[in-house]
>>> print(open('structure-v4.pdb').read())   # PDB, C-alpha atoms, pLDDT in the B column
ATOM      1  CA  MET V   1      25.413 -87.183 101.016  1.00 90.00           C
ATOM      2  CA  PRO V   2      23.581 -84.345  99.379  1.00 88.00           C
ATOM      3  CA  PHE V   3      25.403 -81.855  97.173  1.00 88.00           C
ATOM      4  CA  GLY V   4      25.431 -78.087  97.589  1.00 92.00           C
ATOM      5  CA  GLU V   5      23.667 -76.132 100.290  1.00 93.00           C
ATOM      6  CA  LYS V   6      20.671 -77.661 102.058  1.00 89.00           C
ATOM      7  CA  ALA V   7      18.998 -76.459 105.244  1.00 79.00           C
ATOM      8  CA  GLY V   8      21.715 -73.886 105.882  1.00 86.00           C
ATOM      9  CA  LEU V   9      24.628 -76.335 105.580  1.00 92.00           C
ATOM     10  CA  ASP V  10      27.061 -76.471 102.678  1.00 94.00           C
ATOM     11  CA  PHE V  11      27.571 -80.194 102.058  1.00 95.00           C
ATOM     12  CA  ASP V  12      30.254 -79.452  99.462  1.00 94.00           C
ATOM     13  CA  GLU V  13      32.318 -77.882 102.253  1.00 94.00           C
ATOM     14  CA  VAL V  14      31.644 -80.813 104.612  1.00 95.00           C
ATOM     15  CA  TYR V  15      32.903 -83.133 101.879  1.00 95.00           C
ATOM     16  CA  SER V  16      35.869 -81.028 100.726  1.00 95.00           C
ATOM     17  CA  TYR V  17      37.179 -79.914 104.107  1.00 94.00           C
ATOM     18  CA  LEU V  18      36.068 -82.602 106.554  1.00 95.00           C
ATOM     19  CA  ILE V  19      35.697 -85.935 104.748  1.00 97.00           C
ATOM     20  CA  LYS V  20      37.976 -85.935 101.708  1.00 97.00           C
ATOM     21  CA  PRO V  21      41.230 -84.881 103.455  1.00 97.00           C
ATOM     22  CA  VAL V  22      40.802 -87.606 106.080  1.00 98.00           C
ATOM     23  CA  VAL V  23      40.063 -90.352 103.556  1.00 98.00           C
ATOM     24  CA  GLU V  24      42.883 -89.363 101.214  1.00 97.00           C
ATOM     25  CA  GLY V  25      45.220 -88.933 104.198  1.00 97.00           C
ATOM     26  CA  LEU V  26      44.714 -92.657 104.839  1.00 98.00           C
ATOM     27  CA  SER V  27      45.779 -93.393 101.230  1.00 97.00           C
ATOM     28  CA  LEU V  28      42.232 -94.272 100.177  1.00 97.00           C
ATOM     29  CA  GLU V  29      40.439 -92.950  97.119  1.00 95.00           C
ATOM     30  CA  CYS V  30      37.616 -90.577  98.004  1.00 95.00           C
ATOM     31  CA  THR V  31      34.922 -90.094  95.376  1.00 92.00           C
ATOM     32  CA  ARG V  32      31.485 -88.556  95.614  1.00 89.00           C
ATOM     33  CA  SER V  33      28.985 -89.294  92.831  1.00 82.00           C
ATOM     34  CA  ASP V  34      29.087 -85.772  91.432  1.00 79.00           C
ATOM     35  CA  GLU V  35      32.821 -86.197  90.772  1.00 78.00           C
ATOM     36  CA  VAL V  36      32.322 -89.134  88.399  1.00 76.00           C
ATOM     37  CA  THR V  37      32.781 -88.025  84.807  1.00 75.00           C
ATOM     38  CA  ASN V  38      31.671 -91.203  83.023  1.00 76.00           C
ATOM     39  CA  SER V  39      28.710 -91.142  80.684  1.00 80.00           C
ATOM     40  CA  GLY V  40      25.885 -93.585  81.196  1.00 79.00           C
ATOM     41  CA  TRP V  41      23.417 -94.497  83.892  1.00 83.00           C
ATOM     42  CA  VAL V  42      24.225 -92.551  87.083  1.00 82.00           C
ATOM     43  CA  HIS V  43      22.312 -94.914  89.372  1.00 86.00           C
ATOM     44  CA  ALA V  44      23.968 -98.080  88.060  1.00 87.00           C
ATOM     45  CA  ASP V  45      27.388 -96.539  88.637  1.00 89.00           C
ATOM     46  CA  MET V  46      26.327 -95.413  92.115  1.00 90.00           C
ATOM     47  CA  ILE V  47      25.175 -98.920  93.091  1.00 92.00           C
ATOM     48  CA  LYS V  48      28.467-100.406  91.873  1.00 91.00           C
ATOM     49  CA  ARG V  49      30.416 -97.850  93.873  1.00 92.00           C
ATOM     50  CA  ILE V  50      28.309 -98.495  96.986  1.00 94.00           C
ATOM     51  CA  PHE V  51      29.085-102.192  96.665  1.00 94.00           C
ATOM     52  CA  ASN V  52      32.767-101.929  95.768  1.00 93.00           C
ATOM     53  CA  ALA V  53      33.801 -99.254  98.275  1.00 95.00           C
ATOM     54  CA  ASP V  54      35.903-100.557 101.145  1.00 95.00           C
ATOM     55  CA  VAL V  55      34.546 -97.671 103.216  1.00 97.00           C
ATOM     56  CA  ALA V  56      31.241 -95.838 102.771  1.00 97.00           C
ATOM     57  CA  ILE V  57      30.618 -92.567 104.591  1.00 97.00           C
ATOM     58  CA  VAL V  58      26.962 -91.593 104.807  1.00 97.00           C
ATOM     59  CA  ASP V  59      25.884 -88.118 105.938  1.00 97.00           C
ATOM     60  CA  ILE V  60      22.315 -88.328 107.248  1.00 97.00           C
ATOM     61  CA  THR V  61      22.080 -84.644 108.233  1.00 96.00           C
ATOM     62  CA  SER V  62      19.455 -83.626 105.683  1.00 93.00           C
ATOM     63  CA  LEU V  63      17.311 -86.732 106.322  1.00 95.00           C
ATOM     64  CA  ASN V  64      17.310 -87.082 102.524  1.00 93.00           C
ATOM     65  CA  PRO V  65      15.343 -90.147 101.295  1.00 95.00           C
ATOM     66  CA  ASN V  66      17.956 -90.799  98.591  1.00 93.00           C
ATOM     67  CA  VAL V  67      20.686 -91.014 101.214  1.00 95.00           C
ATOM     68  CA  PHE V  68      18.654 -93.506 103.247  1.00 96.00           C
ATOM     69  CA  TYR V  69      17.945 -95.584 100.142  1.00 96.00           C
ATOM     70  CA  GLU V  70      21.676 -95.721  99.390  1.00 96.00           C
ATOM     71  CA  LEU V  71      22.416 -96.606 103.027  1.00 97.00           C
ATOM     72  CA  GLY V  72      19.932 -99.477 102.792  1.00 97.00           C
ATOM     73  CA  VAL V  73      21.607-100.714  99.612  1.00 97.00           C
ATOM     74  CA  ARG V  74      24.988-100.574 101.329  1.00 97.00           C
ATOM     75  CA  HIS V  75      23.730-102.468 104.370  1.00 97.00           C
ATOM     76  CA  ALA V  76      22.216-105.136 102.119  1.00 96.00           C
ATOM     77  CA  LEU V  77      25.444-105.587 100.153  1.00 95.00           C
ATOM     78  CA  ARG V  78      28.331-105.105 102.608  1.00 95.00           C
ATOM     79  CA  ARG V  79      28.945-106.294 106.152  1.00 95.00           C
ATOM     80  CA  SER V  80      31.214-103.537 107.295  1.00 95.00           C
ATOM     81  CA  ILE V  81      32.774-100.128 107.256  1.00 97.00           C
ATOM     82  CA  THR V  82      29.745 -97.989 106.684  1.00 98.00           C
ATOM     83  CA  ILE V  83      30.191 -94.827 108.723  1.00 98.00           C
ATOM     84  CA  LEU V  84      27.190 -92.655 109.550  1.00 98.00           C
ATOM     85  CA  MET V  85      27.690 -88.990 110.289  1.00 98.00           C
ATOM     86  CA  ARG V  86      25.480 -85.994 110.955  1.00 97.00           C
ATOM     87  CA  LYS V  87      25.620 -82.356 111.901  1.00 96.00           C
ATOM     88  CA  ARG V  88      25.256 -82.236 115.668  1.00 94.00           C
ATOM     89  CA  GLY V  89      21.604 -81.865 116.644  1.00 94.00           C
ATOM     90  CA  THR V  90      20.127 -83.739 113.666  1.00 95.00           C
ATOM     91  CA  GLU V  91      17.499 -86.207 114.809  1.00 95.00           C
ATOM     92  CA  ILE V  92      18.321 -89.830 114.089  1.00 97.00           C
ATOM     93  CA  PRO V  93      15.403 -91.766 112.572  1.00 96.00           C
ATOM     94  CA  PHE V  94      14.131 -94.748 114.573  1.00 95.00           C
ATOM     95  CA  ASP V  95      15.389 -97.478 112.215  1.00 94.00           C
ATOM     96  CA  ILE V  96      19.022 -96.385 112.539  1.00 96.00           C
ATOM     97  CA  ARG V  97      18.940 -95.001 116.075  1.00 94.00           C
ATOM     98  CA  GLY V  98      20.999 -97.934 117.395  1.00 94.00           C
ATOM     99  CA  PHE V  99      23.956 -97.224 115.104  1.00 95.00           C
ATOM    100  CA  ARG V 100      26.956 -95.198 116.153  1.00 96.00           C
ATOM    101  CA  VAL V 101      26.858 -91.849 114.414  1.00 97.00           C
ATOM    102  CA  LEU V 102      29.785 -89.470 114.157  1.00 97.00           C
ATOM    103  CA  ASP V 103      28.667 -85.946 115.048  1.00 97.00           C
ATOM    104  CA  TYR V 104      30.255 -82.860 113.539  1.00 96.00           C
ATOM    105  CA  GLY V 105      29.773 -79.158 114.112  1.00 94.00           C
ATOM    106  CA  ILE V 106      30.425 -76.073 112.067  1.00 86.00           C
ATOM    107  CA  THR V 107      33.233 -74.471 114.057  1.00 91.00           C
ATOM    108  CA  LEU V 108      36.862 -75.163 113.161  1.00 91.00           C
ATOM    109  CA  ALA V 109      37.468 -76.958 116.464  1.00 95.00           C
ATOM    110  CA  GLU V 110      34.396 -79.154 115.949  1.00 95.00           C
ATOM    111  CA  ALA V 111      35.496 -79.960 112.387  1.00 93.00           C
ATOM    112  CA  HIS V 112      38.971 -80.985 113.585  1.00 95.00           C
ATOM    113  CA  ALA V 113      37.472 -83.170 116.299  1.00 97.00           C
ATOM    114  CA  ALA V 114      35.180 -84.801 113.715  1.00 97.00           C
ATOM    115  CA  GLN V 115      38.142 -85.394 111.391  1.00 97.00           C
ATOM    116  CA  ASN V 116      39.995 -87.190 114.188  1.00 97.00           C
ATOM    117  CA  LEU V 117      36.961 -89.333 114.943  1.00 97.00           C
ATOM    118  CA  LEU V 118      36.403 -90.108 111.261  1.00 98.00           C
ATOM    119  CA  ARG V 119      40.044 -91.155 110.923  1.00 98.00           C
ATOM    120  CA  ASP V 120      39.662 -93.443 113.959  1.00 97.00           C
ATOM    121  CA  PHE V 121      36.380 -94.927 112.652  1.00 97.00           C
ATOM    122  CA  ILE V 122      37.982 -95.733 109.289  1.00 98.00           C
ATOM    123  CA  LYS V 123      41.193 -97.182 110.755  1.00 98.00           C
ATOM    124  CA  THR V 124      39.302 -99.313 113.266  1.00 97.00           C
ATOM    125  CA  GLY V 125      36.864-100.489 110.597  1.00 96.00           C
ATOM    126  CA  LEU V 126      39.648-101.487 108.226  1.00 97.00           C
ATOM    127  CA  ARG V 127      41.511-103.270 111.026  1.00 97.00           C
ATOM    128  CA  THR V 128      38.574-105.169 112.572  1.00 96.00           C
ATOM    129  CA  ARG V 129      36.079-105.558 109.699  1.00 93.00           C
ATOM    130  CA  SER V 130      33.340-105.836 112.349  1.00 92.00           C
ATOM    131  CA  ASP V 131      29.790-106.079 111.039  1.00 92.00           C
ATOM    132  CA  ASP V 132      28.067-102.711 111.075  1.00 95.00           C
ATOM    133  CA  SER V 133      25.172-103.748 108.861  1.00 95.00           C
ATOM    134  CA  LEU V 134      21.966-104.662 110.646  1.00 94.00           C
ATOM    135  CA  VAL V 135      21.135-106.925 107.697  1.00 95.00           C
ATOM    136  CA  PHE V 136      24.270-109.053 108.170  1.00 94.00           C
ATOM    137  CA  THR V 137      23.966-108.928 111.957  1.00 94.00           C
ATOM    138  CA  ALA V 138      20.394-110.250 111.789  1.00 94.00           C
ATOM    139  CA  LEU V 139      21.247-112.739 109.031  1.00 95.00           C
ATOM    140  CA  PRO V 140      24.827-113.825 109.837  1.00 93.00           C
ATOM    141  CA  LYS V 141      24.907-116.587 107.217  1.00 93.00           C
ATOM    142  CA  LEU V 142      23.741-114.290 104.429  1.00 92.00           C
ATOM    143  CA  LYS V 143      25.855-114.447 101.289  1.00 91.00           C
ATOM    144  CA  VAL V 144      25.599-111.848  98.538  1.00 87.00           C
ATOM    145  CA  ALA V 145      25.641-113.719  95.233  1.00 76.00           C
ATOM    146  CA  LEU V 146      27.276-111.999  92.317  1.00 70.00           C
ATOM    147  CA  GLU V 147      26.768-113.106  88.757  1.00 54.00           C
TER     148      GLU V 147
END
>>> encode(input="structure-v4.pdb", output="structure tokens")
Amino acid sequence: MPFGEKAGLDFDEVYSYLIKPVVEGLSLECTRSDEVTNSGWVHADMIKRIFNADVAIVDITSLNPNVFYELGVRHALRRSITILMRKRGTEIPFDIRGFRVLDYGITLAEAHAAQNLLRDFIKTGLRTRSDDSLVFTALPKLKVALE
């Protein structure tokens, strides 16, 4: 997800008040790239985190090319538990239009409803491990080789 304010939405607030409490409430570690304090190559660390994360939450609201690149990396590396979310009303690009997307709004009631849905998405994903990657759905025998 983007950091800071973009297109009238504060993504730091979406992360801090909507996403992080839900993830940590399920006893999972929740880390966004700007919270990593290691030195070194930011992108290499990001790719490792995208691969190693049991759950990836991707906010497509800003239609940011970097976010879509990272989503593509995730779909190429992991079969499951990649959750897409957006601010209600954001257009979904054609290539991901078939995916379930969790909508959230900016009112307190909408945020609480989104938190409940996010919690359900994560719990169901961890329980079922169903493929949510188009790459692995299209290529069911695909194996990701690690050196």
>>> closest_residue(input="structure-v4.pdb", among="V:Leu139, V:Ile60, V:Val36, V:Leu71", to="Arg88 in chain V", atoms="only C-alpha atoms")
V:Ile60
>>> resolve_selection(input="structure-v4.pdb", expression="the PyMOL selection byres ((chain V and resi 70) around 12)", output="ChimeraX atom specification")
/V:1-2,33,43-44,46-51,56-60,64-69,71-78,82,84
>>> resolve_selection(input="structure-v4.pdb", expression="the PyMOL selection byres ((chain V and resi 28) around 12)", output="PyMOL selection string")
chain V and resi 19-27+29-31+53-56+119+122-123+126
>>> closest_residue(input="structure-v4.pdb", among="V:Leu102, V:Leu134, V:Arg129, V:Gly40", to="Asn116 in chain V", atoms="all atoms listed in the file")
V:Leu102
>>> atom_distance(input="structure-v4.pdb", atom1="CA of Ser130 in chain V", atom2="CA of Leu118 in chain V")
16.1 Å
>>> resolve_selection(input="structure-v4.pdb", expression="the PyMOL selection byres ((chain V and resi 104) around 7)", output="PyMOL selection string")
chain V and resi 86-88+102-103+105-106+110-111+114
